[in-house]
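These notes concern the structure reproduced below.
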Amino acid sequence: MVKGNGADYWASKQVFTTGEAAEICKVSQQTIIRCFDSGRLNGFRVPGSKFRRIPRIELLRFMRTNDIPTDLLESTRKRILVVDDDDQIVDLFVDVLGRDDRFEVKTAQTGYDAGLLTEQFKPHLILLDYMLPDINGNLVCDRIRANPDFLRTKIIIVSGVVKREEIDELLQSGADDFVKKPFNISELVDRMATLLNV
C-alpha cells in the first residue's frame, strides 16, 4: 500500500493518518489509535470529525521511544556533520561528500556550534576534530552521548593525536572510530559508509 515513490513519499510527508502511521510502524491501526487516545502518541483531531492526525516530529519521537526503525520516514541520504576549525579540511569534506549522493553535509567550527547543529540537523554521523577552539572533541562526544536522542549517531574523531592511551580515552568517551590526521579521504569515506551501512 506504499504510495507515491515509497520511502521518498514518506520522507517528505509532514502529517500522517492513523492508517499511515500503522503502516510505517508495522503495527495495527487499532494499536496506533490506542496509543493516540492514551497520550503515548501525540497529535490532533480534525475539527468536526473523529479523524486523528499525527505530525511527523511526534511520529518520529514515538518510533524512537519504542525502538521502531525510522528509515521509512527519513531520506535515503545520510546526514553528516563535519566539526573542524580548519577551513581546508572543512572545504575538502564539503567538496567530496557533497558530490556523493549518499550524503548530505553540514559543517561547524566550534563545539558550541556542533551542539546546536546536532540538535537541528540530527546527523547520522559526526566527523569530530579533537582540538576545537572552544572545547575538546571528547567533551562534545560525551555531551552527545548523554542525550538519548543521539544514541544511534555515529561519531568519528579525527586528530593528530598519536598516543595509544589518548586514542583509547577518545573511544571510551563514546566515539565509534578514530582517524589520524593526515588521512586518506577516500579511505575515510569508506569507513563512514561502513559505519552507516551505505
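Naming scheme: A, B, ... for chains in displayed order of the C-alpha cells; residues 1 onward per chain; ligands 1 onward as shown.
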Which residues are near A:Asn66? Cut-off 12 Å, only C-alpha atoms, ignore same chain within fewer than 6 positions. Put them as a VMD selection string. chain A and resid 25 27 35 40 to 41 59 to 60
I'd like the contact shell of stretch 14-20 of chain A - 12 Å cut-off, only C-alpha atoms, skipping same-chain residues fewer than 6 positions apart - returned as a ChimeraX atom specification. /A:1-3,26-37,41-46,50-60,72-74
Alpha helix (DSSP H) residues, from DSSP on the backbone, in chain A, as a count of residues only: 87
What are the DSSP strand (DSSP E or B) residues of stretch 28-196 of chain A, as an NGL selection string? :A and (44-45 or 52-55 or 78-83 or 103-108 or 125-129 or 131 or 136 or 154-159 or 177-180)
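Between atom CA of A:Trp10 and atom CA of A:Ala193 the interatomic distance comes to 23.4 Å.
Among the candidates A:Leu196, A:Ala108, A:Leu170, A:Leu116, the residue lying nearest to A:Arg152 is A:Leu196 (atoms considered: only C-alpha atoms).
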So that I can see what lies close to A:Gln109, please list as a compact mmCIF listing (two decimals) with C-alpha atoms, in the first residue's frame the residues with an atom at most 6 Å from it, counting only C-alpha atoms and leaving out residues fewer than 6 positions away in the same chain.
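Saved to part-v1.txt:
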# COMPACT_ATOMS: atom_id res chain seq x y z
CA VAL A 83 33.14 19.64 13.01
CA ASP A 84 36.59 21.13 12.41
CA ASP A 85 38.11 24.61 12.71
Contact residues around A:Asp142 with only C-alpha atoms at 10 Å, ignoring same-chain residues under 5 positions, as a compact mmCIF listing (two decimals) with C-alpha atoms, in the first residue's frame:
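File selection-v2.txt, as written:
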# COMPACT_ATOMS: atom_id res chain seq x y z
CA GLY A 137 36.15 16.86 20.92
CA ASN A 147 21.42 12.70 25.02
CA LEU A 170 38.58 9.16 22.96
CA GLN A 172 35.80 5.46 25.73
CA SER A 173 34.12 8.88 25.56
CA GLY A 174 31.71 7.32 23.04
CA ALA A 175 33.39 7.66 19.65
Tell me which protein, DNA and RNA residues are within 12 Å of A:Arg79, counting only C-alpha atoms, leaving out same-chain ones fewer than 6 positions away, and put them as a list of chain:residue names. A:Leu97, A:Gly98, A:Asp100, A:Asp101, A:Arg102, A:Phe103, A:Glu104, A:Val105, A:Lys106, A:Thr107, A:Leu117, A:Thr118, A:Gln120, A:Phe121, A:Lys122, A:Pro123, A:His124, A:Leu125, A:Ile126, A:Leu127, A:Thr153, A:Lys154, A:Met192, A:Ala193, A:Leu196, A:Val198
Measuring atom to atom with only C-alpha atoms, identify which of A:Ile68, A:Val140, A:Met63, A:Val158 is nearest to A:Asp86.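 Residue with the minimum atom-to-atom distance to A:Asp86: A:Val158.
Straight-line separation from atom CA of A:Phe178 to atom CA of A:Asn136: 14.4 Å.
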Close residues, A:Asp134 itself excluded, 8 Å, only C-alpha atoms, min 3 positions apart in chain, as an mmCIF file with N, CA and C atoms, in the first residue's frame:
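The result, written out as selection.cif:
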data_model
loop_
_atom_site.group_PDB
_atom_site.id
_atom_site.type_symbol
_atom_site.label_atom_id
_atom_site.label_comp_id
_atom_site.auth_asym_id
_atom_site.auth_seq_id
_atom_site.Cartn_x
_atom_site.Cartn_y
_atom_site.Cartn_z
ATOM 1 N N THR A 110 33.082 25.091 15.852
ATOM 2 C CA THR A 110 33.287 25.100 17.304
ATOM 3 C C THR A 110 32.428 24.018 17.941
ATOM 4 N N GLY A 111 32.769 23.658 19.169
ATOM 5 C CA GLY A 111 31.964 22.689 19.907
ATOM 6 C C GLY A 111 30.559 23.211 20.159
ATOM 7 N N TYR A 112 30.464 24.532 20.405
ATOM 8 C CA TYR A 112 29.155 25.151 20.657
ATOM 9 C C TYR A 112 28.247 24.996 19.433
#
